[in-house]
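A.B. asks: Handing over model_21.json, JSON, C-alpha atoms.
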```
[["chain", "number", "residue", "atom", "x", "y", "z"],
["A", 1, "MET", "CA", -23.52, 15.64, -20.16],
["A", 2, "LYS", "CA", -20.64, 17.12, -18.17],
["A", 3, "VAL", "CA", -20.24, 15.99, -14.61],
["A", 4, "ILE", "CA", -17.94, 17.52, -12.03],
["A", 5, "VAL", "CA", -16.76, 15.32, -9.19],
["A", 6, "ASN", "CA", -15.14, 17.10, -6.25],
["A", 7, "VAL", "CA", -13.05, 14.84, -4.06],
["A", 8, "SER", "CA", -11.94, 16.04, -0.64],
["A", 9, "LEU", "CA", -10.19, 14.48, 2.32],
["A", 10, "LYS", "CA", -12.43, 13.48, 5.20],
["A", 11, "GLU", "CA", -12.21, 15.40, 8.42],
["A", 12, "GLY", "CA", -9.48, 14.04, 10.64],
["A", 13, "VAL", "CA", -7.39, 12.76, 7.73],
["A", 14, "LEU", "CA", -4.00, 14.43, 7.73],
["A", 15, "ASP", "CA", -3.53, 16.81, 4.81],
["A", 16, "PRO", "CA", 0.18, 17.72, 4.86],
["A", 17, "GLU", "CA", -0.15, 19.50, 1.51],
["A", 18, "GLY", "CA", -2.90, 21.71, 2.93],
["A", 19, "GLN", "CA", -0.76, 22.44, 5.98],
["A", 20, "ALA", "CA", 2.22, 23.40, 3.83],
["A", 21, "ILE", "CA", 0.01, 25.75, 1.78],
["A", 22, "LYS", "CA", -1.42, 27.23, 4.98],
["A", 23, "SER", "CA", 1.99, 27.99, 6.43],
["A", 24, "SER", "CA", 3.05, 29.57, 3.13],
["A", 25, "LEU", "CA", -0.08, 31.74, 3.10],
["A", 26, "ASN", "CA", 0.59, 32.77, 6.70],
["A", 27, "ASN", "CA", 4.14, 33.73, 5.72],
["A", 28, "LEU", "CA", 2.77, 35.89, 2.91],
["A", 29, "GLY", "CA", 0.83, 37.88, 5.47],
["A", 30, "PHE", "CA", -2.51, 36.06, 5.30],
["A", 31, "GLU", "CA", -2.46, 35.49, 9.04],
["A", 32, "HIS", "CA", -6.19, 34.93, 9.28],
["A", 33, "CYS", "CA", -5.94, 31.79, 7.21],
["A", 34, "SER", "CA", -6.28, 29.20, 9.95],
["A", 35, "ASP", "CA", -6.74, 26.03, 7.90],
["A", 36, "VAL", "CA", -6.29, 24.77, 4.35],
["A", 37, "ARG", "CA", -7.62, 21.52, 2.96],
["A", 38, "THR", "CA", -6.79, 20.30, -0.54],
["A", 39, "GLY", "CA", -8.75, 18.06, -2.86],
["A", 40, "LYS", "CA", -9.17, 17.29, -6.50],
["A", 41, "GLN", "CA", -11.68, 17.83, -9.22],
["A", 42, "ILE", "CA", -12.50, 15.26, -11.87],
["A", 43, "ILE", "CA", -14.49, 16.34, -14.91],
["A", 44, "LEU", "CA", -16.36, 13.62, -16.78],
["A", 45, "ASN", "CA", -18.17, 13.69, -20.10],
["A", 46, "LEU", "CA", -20.95, 11.13, -20.17],
["A", 47, "ASP", "CA", -22.84, 10.41, -23.38],
["A", 48, "GLN", "CA", -26.20, 10.07, -21.73],
["A", 49, "ASN", "CA", -29.26, 12.28, -21.66],
["A", 50, "SER", "CA", -31.04, 11.27, -18.48],
["A", 51, "GLU", "CA", -29.85, 13.18, -15.45],
["A", 52, "ASP", "CA", -30.80, 10.32, -13.16],
["A", 53, "GLU", "CA", -28.79, 7.84, -15.19],
["A", 54, "VAL", "CA", -25.79, 10.21, -15.27],
["A", 55, "LEU", "CA", -25.92, 10.59, -11.50],
["A", 56, "THR", "CA", -26.21, 6.84, -10.97],
["A", 57, "GLN", "CA", -23.27, 6.19, -13.30],
["A", 58, "ALA", "CA", -21.10, 8.90, -11.76],
["A", 59, "LYS", "CA", -21.82, 7.61, -8.26],
["A", 60, "LYS", "CA", -20.84, 4.09, -9.34],
["A", 61, "MET", "CA", -17.60, 5.43, -10.84],
["A", 62, "CYS", "CA", -16.80, 7.22, -7.58],
["A", 63, "GLU", "CA", -17.40, 4.12, -5.48],
["A", 64, "GLU", "CA", -15.53, 1.77, -7.81],
["A", 65, "LEU", "CA", -12.49, 3.84, -8.71],
["A", 66, "LEU", "CA", -12.48, 7.62, -8.42],
["A", 67, "VAL", "CA", -12.70, 7.90, -4.64],
["A", 68, "ASN", "CA", -11.06, 6.08, -1.76],
["A", 69, "THR", "CA", -13.97, 6.17, 0.65],
["A", 70, "VAL", "CA", -11.73, 5.29, 3.60],
["A", 71, "ILE", "CA", -10.16, 8.74, 3.48],
["A", 72, "GLU", "CA", -12.13, 10.78, 0.95],
["A", 73, "ASN", "CA", -15.57, 12.34, 0.53],
["A", 74, "TYR", "CA", -17.04, 13.27, -2.82],
["A", 75, "GLU", "CA", -19.78, 15.36, -4.30],
["A", 76, "ILE", "CA", -21.19, 15.09, -7.79],
["A", 77, "ASN", "CA", -22.48, 18.09, -9.73],
["A", 78, "ILE", "CA", -24.02, 17.96, -13.17],
["A", 79, "LEU", "CA", -22.93, 20.92, -15.26],
["A", 80, "LYS", "CA", -25.88, 22.37, -17.13],
["A", 81, "ASP", "CA", -25.15, 24.23, -20.38],
["B", 1, "MET", "CA", 8.02, -23.85, -4.26],
["B", 2, "ARG", "CA", 6.33, -22.08, -7.14],
["B", 3, "SER", "CA", 6.38, -18.31, -6.99],
["B", 4, "GLY", "CA", 5.40, -15.48, -9.27],
["B", 5, "VAL", "CA", 6.03, -11.75, -9.41],
["B", 6, "VAL", "CA", 3.34, -9.49, -10.85],
["B", 7, "ILE", "CA", 4.46, -6.76, -13.23],
["B", 8, "PHE", "CA", 2.40, -3.66, -14.00],
["B", 9, "PRO", "CA", 3.39, -0.72, -16.19],
["B", 10, "GLY", "CA", 5.62, 1.24, -13.81],
["B", 11, "SER", "CA", 6.65, -1.62, -11.50],
["B", 12, "ASN", "CA", 10.36, -1.23, -10.81],
["B", 13, "CYS", "CA", 11.25, -3.61, -7.99],
["B", 14, "ASP", "CA", 10.14, -6.75, -9.85],
["B", 15, "ARG", "CA", 13.66, -7.66, -10.95],
["B", 16, "ASP", "CA", 15.14, -7.28, -7.46],
["B", 17, "MET", "CA", 12.35, -9.47, -6.06],
["B", 18, "ILE", "CA", 12.97, -12.11, -8.74],
["B", 19, "VAL", "CA", 16.70, -12.09, -7.90],
["B", 20, "ALA", "CA", 15.91, -12.50, -4.19],
["B", 21, "LEU", "CA", 13.44, -15.35, -4.70],
["B", 22, "ARG", "CA", 15.77, -17.11, -7.15],
["B", 23, "GLN", "CA", 18.59, -16.84, -4.61],
["B", 24, "ILE", "CA", 16.40, -18.39, -1.91],
["B", 25, "THR", "CA", 14.43, -21.04, -3.81],
["B", 26, "GLY", "CA", 16.91, -21.90, -6.55],
["B", 27, "LYS", "CA", 14.07, -21.47, -9.02],
["B", 28, "THR", "CA", 13.24, -18.43, -11.11],
["B", 29, "PRO", "CA", 9.79, -17.07, -10.24],
["B", 30, "ILE", "CA", 7.42, -16.63, -13.15],
["B", 31, "LYS", "CA", 6.68, -13.10, -14.29],
["B", 32, "ILE", "CA", 2.98, -12.30, -14.42],
["B", 33, "TRP", "CA", 1.98, -9.40, -16.67],
["B", 34, "HIS", "CA", -0.90, -7.42, -15.16],
["B", 35, "LYS", "CA", -3.26, -8.29, -18.04],
["B", 36, "GLU", "CA", -2.85, -12.00, -17.47],
["B", 37, "ASN", "CA", -5.39, -13.95, -15.53],
["B", 38, "ASP", "CA", -4.41, -17.36, -16.67],
["B", 39, "PHE", "CA", -1.28, -18.64, -14.95],
["B", 40, "PRO", "CA", -0.43, -21.88, -13.17],
["B", 41, "ASN", "CA", -1.26, -22.33, -9.49],
["B", 42, "LEU", "CA", 1.48, -20.82, -7.35],
["B", 43, "ASP", "CA", 2.48, -21.00, -3.70],
["B", 44, "LEU", "CA", 3.52, -17.38, -3.45],
["B", 45, "ILE", "CA", 2.61, -14.29, -5.45],
["B", 46, "VAL", "CA", 4.57, -11.10, -4.86],
["B", 47, "VAL", "CA", 3.23, -7.70, -5.84],
["B", 48, "PRO", "CA", 6.44, -5.66, -6.03],
["B", 49, "GLY", "CA", 7.17, -1.99, -5.54],
["B", 50, "GLY", "CA", 7.23, 0.73, -8.15],
["B", 51, "PHE", "CA", 5.13, 3.58, -9.44],
["B", 52, "THR", "CA", 2.41, 1.70, -11.26],
["B", 53, "PHE", "CA", 0.51, 3.82, -13.77],
["B", 54, "GLY", "CA", 2.57, 6.81, -12.66],
["B", 55, "ASP", "CA", 0.79, 6.86, -9.27],
["B", 56, "TYR", "CA", -2.08, 8.58, -11.12],
["B", 57, "LEU", "CA", -5.35, 9.16, -9.25],
["B", 58, "ARG", "CA", -4.04, 7.50, -6.05],
["B", 59, "CYS", "CA", -1.03, 5.22, -5.59],
["B", 60, "GLY", "CA", -2.03, 1.73, -6.67],
["B", 61, "ALA", "CA", -5.60, 2.74, -7.61],
["B", 62, "LEU", "CA", -5.34, 1.96, -11.31],
["B", 63, "ALA", "CA", -3.23, -1.18, -10.84],
["B", 64, "ALA", "CA", -5.84, -2.47, -8.40],
["B", 65, "ARG", "CA", -8.36, -2.54, -11.27],
["B", 66, "SER", "CA", -6.12, -4.61, -13.58],
["B", 67, "PRO", "CA", -7.30, -8.06, -14.75],
["B", 68, "VAL", "CA", -4.61, -9.85, -12.72],
["B", 69, "ILE", "CA", -6.24, -8.74, -9.45],
["B", 70, "SER", "CA", -9.15, -11.17, -9.76],
["B", 71, "SER", "CA", -6.63, -14.01, -10.23],
["B", 72, "ILE", "CA", -4.77, -12.85, -7.15],
["B", 73, "LYS", "CA", -8.07, -12.92, -5.24],
["B", 74, "ASN", "CA", -8.72, -16.47, -6.48],
["B", 75, "HIS", "CA", -5.21, -17.46, -5.41],
["B", 76, "ILE", "CA", -5.95, -16.06, -1.93],
["B", 77, "SER", "CA", -9.28, -17.88, -1.68],
["B", 78, "ARG", "CA", -7.42, -21.13, -2.51],
["B", 79, "GLY", "CA", -5.25, -20.42, 0.55],
["B", 80, "GLY", "CA", -2.33, -19.01, -1.43],
["B", 81, "THR", "CA", 0.21, -16.62, 0.03],
["B", 82, "VAL", "CA", 0.65, -13.03, -1.20],
["B", 83, "LEU", "CA", 3.31, -10.49, -0.29],
["B", 84, "GLY", "CA", 2.84, -6.86, -1.29],
["B", 85, "VAL", "CA", 5.82, -4.55, -0.93],
["B", 86, "CYS", "CA", 5.61, -0.76, -1.00],
["B", 87, "ASN", "CA", 3.54, 0.09, -4.10],
["B", 88, "GLY", "CA", 2.47, -3.56, -3.96],
["B", 89, "PHE", "CA", 1.06, -2.88, -0.47],
["B", 90, "GLN", "CA", -0.72, 0.20, -1.84],
["B", 91, "ILE", "CA", -2.19, -1.93, -4.64],
["B", 92, "LEU", "CA", -3.45, -4.62, -2.21],
["B", 93, "ILE", "CA", -5.12, -1.90, -0.18],
["B", 94, "GLU", "CA", -6.69, -0.26, -3.22],
["B", 95, "ALA", "CA", -7.91, -3.71, -4.32],
["B", 96, "LYS", "CA", -9.51, -4.03, -0.87],
["B", 97, "ILE", "CA", -7.50, -7.19, -0.22],
["B", 98, "LEU", "CA", -6.10, -5.41, 2.84],
["B", 99, "PRO", "CA", -7.97, -2.74, 4.82],
["B", 100, "GLY", "CA", -7.15, 0.90, 5.54],
["B", 101, "SER", "CA", -5.32, 3.41, 3.46],
["B", 102, "LEU", "CA", -1.78, 4.63, 2.74],
["B", 103, "ILE", "CA", -1.59, 8.39, 2.60],
["B", 104, "ARG", "CA", 1.09, 11.01, 1.99],
["B", 105, "ASN", "CA", 4.08, 10.91, 4.34],
["B", 106, "LYS", "CA", 3.49, 13.28, 7.24],
["B", 107, "LYS", "CA", 6.45, 15.49, 6.42],
["B", 108, "LEU", "CA", 5.71, 15.57, 2.68],
["B", 109, "LEU", "CA", 9.10, 14.05, 1.95],
["B", 110, "PHE", "CA", 9.96, 11.04, -0.13],
["B", 111, "THR", "CA", 11.75, 8.92, 2.47],
["B", 112, "CYS", "CA", 14.52, 6.61, 1.37],
["B", 113, "ARG", "CA", 16.48, 5.09, 4.23],
["B", 114, "GLU", "CA", 16.94, 2.11, 6.47],
["B", 115, "THR", "CA", 14.28, 1.51, 9.12],
["B", 116, "THR", "CA", 14.18, -0.80, 12.10],
["B", 117, "LEU", "CA", 11.14, -3.05, 12.16],
["B", 118, "GLU", "CA", 9.87, -4.90, 15.17],
["B", 119, "VAL", "CA", 8.05, -8.21, 14.81],
["B", 120, "GLN", "CA", 4.71, -7.93, 16.57],
["B", 121, "ASN", "CA", 2.77, -10.41, 18.64],
["B", 122, "CYS", "CA", 0.52, -11.27, 15.72],
["B", 123, "MET", "CA", -1.55, -14.15, 14.39],
["B", 124, "LYS", "CA", 0.08, -17.18, 12.79],
["B", 125, "ASN", "CA", 1.37, -16.28, 9.34],
["B", 126, "PRO", "CA", 3.88, -17.61, 6.83],
["B", 127, "PHE", "CA", 5.99, -14.44, 6.85],
["B", 128, "LEU", "CA", 7.04, -13.95, 10.46],
["B", 129, "SER", "CA", 6.16, -17.15, 12.29],
["B", 130, "GLY", "CA", 9.57, -18.39, 13.34],
["B", 131, "PHE", "CA", 10.76, -14.97, 14.41],
["B", 132, "LYS", "CA", 10.69, -13.97, 18.06],
["B", 133, "ILE", "CA", 8.16, -11.37, 19.15],
["B", 134, "GLY", "CA", 10.04, -8.09, 19.47],
["B", 135, "GLU", "CA", 12.83, -9.25, 17.15],
["B", 136, "CYS", "CA", 14.18, -6.40, 15.06],
["B", 137, "LEU", "CA", 14.85, -6.38, 11.34],
["B", 138, "LYS", "CA", 16.68, -3.62, 9.53],
["B", 139, "ILE", "CA", 15.02, -3.12, 6.16],
["B", 140, "PRO", "CA", 14.98, 0.03, 4.03],
["B", 141, "VAL", "CA", 11.96, 2.05, 2.94],
["B", 142, "ALA", "CA", 11.61, 4.24, -0.15],
["B", 143, "HIS", "CA", 8.25, 5.89, -0.55],
["B", 144, "ASN", "CA", 6.18, 9.03, -0.58],
["B", 145, "GLU", "CA", 2.82, 7.56, 0.47],
["B", 146, "GLY", "CA", 3.49, 5.07, 3.24],
["B", 147, "ASN", "CA", 1.63, 6.70, 6.09],
["B", 148, "TYR", "CA", -0.80, 3.98, 7.16],
["B", 149, "PHE", "CA", -4.15, 5.49, 8.03],
["B", 150, "ALA", "CA", -7.25, 3.72, 9.31],
["B", 151, "PRO", "CA", -10.29, 4.79, 11.32],
["B", 152, "LYS", "CA", -9.86, 4.18, 15.06],
["B", 153, "GLU", "CA", -12.26, 1.21, 15.09],
["B", 154, "LEU", "CA", -10.29, -0.49, 12.32],
["B", 155, "LEU", "CA", -6.97, 0.06, 14.12],
["B", 156, "LYS", "CA", -8.51, -1.47, 17.23],
["B", 157, "GLN", "CA", -9.84, -4.40, 15.23],
["B", 158, "LEU", "CA", -6.46, -5.02, 13.53],
["B", 159, "LYS", "CA", -4.78, -5.02, 16.92],
["B", 160, "GLU", "CA", -7.31, -7.36, 18.49],
["B", 161, "GLU", "CA", -7.15, -9.78, 15.57],
["B", 162, "GLY", "CA", -3.35, -9.81, 15.68],
["B", 163, "ARG", "CA", -3.06, -8.46, 12.17],
["B", 164, "ILE", "CA", -0.44, -5.81, 12.84],
["B", 165, "ALA", "CA", 2.67, -7.72, 11.79],
["B", 166, "LEU", "CA", 5.46, -5.15, 11.70],
["B", 167, "LYS", "CA", 5.98, -1.79, 13.36],
["B", 168, "TYR", "CA", 8.73, 0.78, 12.99],
["B", 169, "SER", "CA", 10.77, 0.37, 16.14],
["B", 170, "LYS", "CA", 12.44, 2.70, 18.58],
["B", 171, "GLN", "CA", 14.73, -0.16, 19.63],
["B", 172, "ASN", "CA", 18.34, -0.06, 18.38],
["B", 173, "ASN", "CA", 17.49, 3.04, 16.46],
["B", 174, "SER", "CA", 19.42, 6.24, 16.82],
["B", 175, "GLU", "CA", 17.09, 8.02, 14.37],
["B", 176, "LYS", "CA", 14.92, 10.50, 16.19],
["B", 177, "ASN", "CA", 12.21, 9.92, 13.63],
["B", 178, "TYR", "CA", 12.10, 6.15, 13.84],
["B", 179, "ASN", "CA", 8.71, 6.24, 12.14],
["B", 180, "PRO", "CA", 9.60, 7.42, 8.62],
["B", 181, "ASN", "CA", 6.15, 8.47, 7.45],
["B", 182, "GLY", "CA", 3.90, 9.23, 10.43],
["B", 183, "SER", "CA", 1.86, 6.05, 10.11],
["B", 184, "SER", "CA", -0.76, 5.31, 12.79],
["B", 185, "ASP", "CA", 0.59, 3.21, 15.68],
["B", 186, "ASP", "CA", 3.95, 3.05, 13.79],
["B", 187, "ILE", "CA", 2.46, 0.40, 11.51],
["B", 188, "ALA", "CA", 4.81, -0.86, 8.78],
["B", 189, "GLY", "CA", 2.95, -4.00, 7.72],
["B", 190, "ILE", "CA", -0.44, -5.67, 8.17],
["B", 191, "LEU", "CA", -1.95, -9.08, 7.54],
["B", 192, "SER", "CA", -5.20, -10.26, 5.95],
["B", 193, "THR", "CA", -7.89, -11.96, 8.04],
["B", 194, "ASN", "CA", -6.43, -15.42, 7.31],
["B", 195, "GLY", "CA", -2.83, -14.26, 7.77],
["B", 196, "ARG", "CA", -1.80, -15.39, 4.28],
["B", 197, "VAL", "CA", -1.44, -11.88, 2.84],
["B", 198, "LEU", "CA", 1.15, -9.41, 4.12],
["B", 199, "GLY", "CA", 1.42, -5.83, 2.93],
["B", 200, "MET", "CA", 4.52, -3.94, 4.03],
["B", 201, "MET", "CA", 6.09, -0.63, 3.08],
["B", 202, "PRO", "CA", 9.77, -1.62, 3.63],
["B", 203, "HIS", "CA", 11.62, -3.46, 0.86],
["B", 204, "PRO", "CA", 13.01, -6.86, 1.97],
["B", 205, "GLU", "CA", 14.42, -7.44, -1.53],
["B", 206, "ARG", "CA", 16.73, -4.47, -0.96],
["B", 207, "ALA", "CA", 18.45, -6.08, 2.01],
["B", 208, "ILE", "CA", 19.58, -9.47, 0.72],
["B", 209, "ASN", "CA", 23.32, -8.97, 0.39],
["B", 210, "TYR", "CA", 26.05, -7.53, 2.64],
["B", 211, "LEU", "CA", 26.71, -5.04, -0.13],
["B", 212, "HIS", "CA", 23.18, -3.71, 0.45],
["B", 213, "GLY", "CA", 24.18, -2.89, 4.00],
["B", 214, "GLY", "CA", 22.36, -5.83, 5.56],
["B", 215, "THR", "CA", 20.63, -9.13, 4.96],
["B", 216, "ASP", "CA", 17.56, -8.90, 7.18],
["B", 217, "GLY", "CA", 15.32, -8.79, 4.09],
["B", 218, "LEU", "CA", 16.79, -12.10, 3.03],
["B", 219, "LYS", "CA", 16.05, -13.44, 6.50],
["B", 220, "LEU", "CA", 12.38, -12.44, 6.18],
["B", 221, "LEU", "CA", 11.96, -13.81, 2.65],
["B", 222, "THR", "CA", 13.84, -17.03, 3.48],
["B", 223, "ASN", "CA", 11.62, -17.56, 6.51],
["B", 224, "CYS", "CA", 8.57, -17.02, 4.33],
["B", 225, "VAL", "CA", 9.71, -19.59, 1.76],
["B", 226, "LYS", "CA", 10.54, -22.09, 4.54],
["B", 227, "GLN", "CA", 7.13, -21.65, 6.17],
["B", 228, "ILE", "CA", 5.36, -22.15, 2.85],
["B", 229, "ILE", "CA", 7.31, -25.29, 1.97],
["B", 230, "GLY", "CA", 6.54, -26.48, 5.51]]
```
Please rewrite the model in this file as structure tokens.
C.D. replies:
Amino acid sequence: MKVIVNVSLKEGVLDPEGQAIKSSLNNLGFEHCSDVRTGKQIILNLDQNSEDEVLTQAKKMCEELLVNTVIENYEINILKD
Amino acid sequence: MRSGVVIFPGSNCDRDMIVALRQITGKTPIKIWHKENDFPNLDLIVVPGGFTFGDYLRCGALAARSPVISSIKNHISRGGTVLGVCNGFQILIEAKILPGSLIRNKKLLFTCRETTLEVQNCMKNPFLSGFKIGECLKIPVAHNEGNYFAPKELLKQLKEEGRIALKYSKQNNSEKNYNPNGSSDDIAGILSTNGRVLGMMPHPERAINYLHGGTDGLKLLTNCVKQIIG
């Protein structure tokens, strides 16, 4: 089963990369772009059939390694074929 | 004085740290490969700087899950001393040995220059006890993710518990940007709850010879060795 983990910075955590992208977009004429936040996507392939088990495993992976919960939020989505 | 320096794939300040400790103690520290968890009891373990595992995922994240980490935790629970420098600090944070987080430098620039550090009024610890409060040390930094970030409550707690050991200082500093990375409260180094673990972004091992431009790093490391020997 394919699982997509989206990791984003928590509100209030400085995102200098997002700010640099924002200012570049503004320079290109996209003046209405008032904020940009960056994040990352991690795609996992889990050899399991139970959706519940996949979710439990993915959550454990996030908490143990994939996400730094001090500064990041995450959301897990199971990709259905 | 028995010391050891941990080496991960991508560590690159291990040799400089070994040279510094050999110069101070007269003994060569043992090298501890990150897969080892069976090494003799030591007085001091140093987690040196570098770009472990290519800084993949987050700086220090993969190194913090290496087998050696559980041995470092055992060493700490036996009352052992640990110094984490730069990427070593990031690793200690990722391993949850120290709290908070080290995020991207505010100005998105890799910063490599001398900084002035000010010794804080902090709890008793083997690294800075012996220095005067407010004493300044000139030690260089070289990093991209050294911006110390912690929720407000944690910053307050660190302050109250006297765990903020070193701050970037305005004193004797002509640099307009005395804080090289935008870290909260100008924090450059923090201590563990028992004061035996120090994580710091600046590199003391890079200021141990007049040819380096200064010897304040030597002063800090020498003090640390003296305090440990007692």
A.B. asks: What's the 8 Å shell around A:Asn45, counting only C-alpha atoms, without same-chain residues fewer than 3 positions away, as a list of chain:residue names?
C.D. replies: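 Answer for this query is A:Met1, A:Lys2, A:Val3.
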A.B. asks: Using all atoms listed in the file, which of the listed residues (A:Lys10, A:His32, A:Lys80, A:Lys59) sits closest to chain B?
C.D. replies: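 Closest candidate: A:Lys10.
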A.B. asks: For B:Ala63, which of B:Cys112, B:Ala150, B:Leu102, B:Val47 is the closest residue, counting all atoms listed in the file?
C.D. replies: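 Using all atoms listed in the file, the shortest distance to B:Ala63 belongs to B:Val47.
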A.B. asks: Specify as a list of chain:residue names all residues of chain B found within 9 Å of chain A, counting all atoms listed in the file.
C.D. replies: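 Interface list for chain B against chain A: B:Leu57, B:Arg58, B:Ala61, B:Leu62, B:Arg65, B:Glu94, B:Pro99, B:Gly100, B:Ser101, B:Ile103, B:Arg104, B:Asn105, B:Lys106, B:Lys107, B:Leu108, B:Phe149, B:Ala150, B:Pro151.
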A.B. asks: Might you pull out every residue within 9 Å of B:Leu158, with only C-alpha atoms counted and same-chain residues fewer than 5 positions away left off, and present them as a list of chain:residue names?
C.D. replies: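 What passes the distance filter is B:Glu153, B:Arg163, B:Ile164, B:Ile190, B:Leu191, B:Thr193.
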A.B. asks: Tell me which of A:Thr56, A:Thr38, A:Ser23, A:Asn77 sits closest to A:Ile4, counting all atoms listed in the file.
C.D. replies: A:Asn77
A.B. asks: With only C-alpha atoms as the counted atoms, please give the residues lying no more than 9 Å from A:Gln41, apart from itself and same-chain residues fewer than 6 positions off, as a PyMOL selection string.
C.D. replies: chain A and resi 4-8
A.B. asks: When you look at B:Pro29 with a cut-off of 8 Å (counting all atoms listed in the file), what residues show up, excluding the ones that are within fewer than 2 positions of it in the same chain? I need them as a CSV table (one decimal) with C-alpha atoms, in the frame of the given file.
C.D. replies:
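The new file part.csv reads:
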```csv
chain,number,residue,atom,x,y,z
B,2,ARG,CA,6.3,-22.1,-7.1
B,3,SER,CA,6.4,-18.3,-7.0
B,4,GLY,CA,5.4,-15.5,-9.3
B,5,VAL,CA,6.0,-11.8,-9.4
B,18,ILE,CA,13.0,-12.1,-8.7
B,21,LEU,CA,13.4,-15.4,-4.7
B,22,ARG,CA,15.8,-17.1,-7.2
B,27,LYS,CA,14.1,-21.5,-9.0
B,31,LYS,CA,6.7,-13.1,-14.3
```
A.B. asks: One decimal, in Å: what's the spacing between atom CA of B:Ile45 and atom CA of B:Phe127?
C.D. replies: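 The value is 12.8 Å.
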A.B. asks: Please give the centre and size of the box around stretch 69-80 of chain A (axis-aligned, containing every atom listed in the file, 6 Å added per side), with values in Å to one decimal and written as AutoDock Vina command-line options.
C.D. replies:
```
--center_x -18.0 --center_y 13.8 --center_z -6.8 --size_x 27.7 --size_y 29.1 --size_z 32.7
```
A.B. asks: Which residue, B:Cys59, B:Val19, B:Ile228, B:Ile97, has the smallest gap to B:Asn74 when you use all atoms listed in the file?
C.D. replies: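 Under the stated criterion, the closest residue is B:Ile97.
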A.B. asks: May I ask for the distance between atom CA of B:Glu205 and atom CA of B:Gly49, given in Å to one decimal place?
C.D. replies: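 The value is 9.9 Å.
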A.B. asks: Between atom CA of B:Cys136 and atom CA of B:Lys96, measure the distance and give it in Å to one decimal.
C.D. replies: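 These atoms are spaced 28.6 Å apart.
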A.B. asks: Show me, as a CSV table (one decimal) with C-alpha atoms, in the coordinates of the input, the residues that have an atom within 10 Å of B:Thr52 when counting all atoms listed in the file, minus same-chain residues fewer than 6 positions from it.
C.D. replies:
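Result file is part_11.csv:
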```
chain,number,residue,atom,x,y,z
B,7,ILE,CA,4.5,-6.8,-13.2
B,8,PHE,CA,2.4,-3.7,-14.0
B,9,PRO,CA,3.4,-0.7,-16.2
B,10,GLY,CA,5.6,1.2,-13.8
B,11,SER,CA,6.6,-1.6,-11.5
B,12,ASN,CA,10.4,-1.2,-10.8
B,59,CYS,CA,-1.0,5.2,-5.6
B,60,GLY,CA,-2.0,1.7,-6.7
B,61,ALA,CA,-5.6,2.7,-7.6
B,62,LEU,CA,-5.3,2.0,-11.3
B,63,ALA,CA,-3.2,-1.2,-10.8
B,64,ALA,CA,-5.8,-2.5,-8.4
B,87,ASN,CA,3.5,0.1,-4.1
B,88,GLY,CA,2.5,-3.6,-4.0
B,91,ILE,CA,-2.2,-1.9,-4.6
```
A.B. asks: Considering all atoms listed in the file, state which residue in the set B:Gln157, B:Asp43, B:Ser66, B:Met17 is at the smallest distance from B:Gly230.
C.D. replies: B:Asp43
A.B. asks: Of the residues A:Met61, A:Arg37, A:Gly29, A:Ile78, which is the one nearest to A:Glu11, using only C-alpha atoms?
C.D. replies: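 Using only C-alpha atoms, the shortest distance to A:Glu11 belongs to A:Arg37.
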A.B. asks: Need a file for stretch 47-80 of chain A from that block: C-alpha atoms, written as a PDB file, in the first residue's frame.
C.D. replies:
```pdb
ATOM      1  CA  ASP A  47       3.743  -4.366   2.266  1.00  0.00           C
ATOM      2  CA  GLN A  48       0.612  -4.642   4.324  1.00  0.00           C
ATOM      3  CA  ASN A  49      -3.032  -5.062   3.417  1.00  0.00           C
ATOM      4  CA  SER A  50      -4.873  -3.688   6.413  1.00  0.00           C
ATOM      5  CA  GLU A  51      -5.467   0.041   6.195  1.00  0.00           C
ATOM      6  CA  ASP A  52      -5.549   0.336   9.971  1.00  0.00           C
ATOM      7  CA  GLU A  53      -2.207  -1.396  10.318  1.00  0.00           C
ATOM      8  CA  VAL A  54      -0.688   0.793   7.578  1.00  0.00           C
ATOM      9  CA  LEU A  55      -1.897   3.930   9.334  1.00  0.00           C
ATOM     10  CA  THR A  56      -0.574   2.754  12.695  1.00  0.00           C
ATOM     11  CA  GLN A  57       2.808   1.908  11.177  1.00  0.00           C
ATOM     12  CA  ALA A  58       3.064   5.182   9.254  1.00  0.00           C
ATOM     13  CA  LYS A  59       2.171   7.169  12.361  1.00  0.00           C
ATOM     14  CA  LYS A  60       4.866   5.341  14.329  1.00  0.00           C
ATOM     15  CA  MET A  61       7.412   6.090  11.583  1.00  0.00           C
ATOM     16  CA  CYS A  62       6.480   9.774  11.694  1.00  0.00           C
ATOM     17  CA  GLU A  63       6.854   9.985  15.458  1.00  0.00           C
ATOM     18  CA  GLU A  64      10.099   8.000  15.587  1.00  0.00           C
ATOM     19  CA  LEU A  65      11.982   9.430  12.626  1.00  0.00           C
ATOM     20  CA  LEU A  66      10.213  11.157   9.763  1.00  0.00           C
ATOM     21  CA  VAL A  67       8.962  14.222  11.634  1.00  0.00           C
ATOM     22  CA  ASN A  68      10.483  16.544  14.192  1.00  0.00           C
ATOM     23  CA  THR A  69       7.358  17.245  16.200  1.00  0.00           C
ATOM     24  CA  VAL A  70       8.945  20.265  17.888  1.00  0.00           C
ATOM     25  CA  ILE A  71       8.756  22.220  14.648  1.00  0.00           C
ATOM     26  CA  GLU A  72       6.769  20.122  12.183  1.00  0.00           C
ATOM     27  CA  ASN A  73       3.220  18.880  11.625  1.00  0.00           C
ATOM     28  CA  TYR A  74       2.364  15.896   9.480  1.00  0.00           C
ATOM     29  CA  GLU A  75      -0.568  14.324   7.745  1.00  0.00           C
ATOM     30  CA  ILE A  76      -0.795  10.778   6.468  1.00  0.00           C
ATOM     31  CA  ASN A  77      -2.784   9.833   3.377  1.00  0.00           C
ATOM     32  CA  ILE A  78      -3.197   6.338   2.038  1.00  0.00           C
ATOM     33  CA  LEU A  79      -3.094   6.291  -1.742  1.00  0.00           C
ATOM     34  CA  LYS A  80      -5.819   4.060  -3.118  1.00  0.00           C
TER      35      LYS A  80
END
```
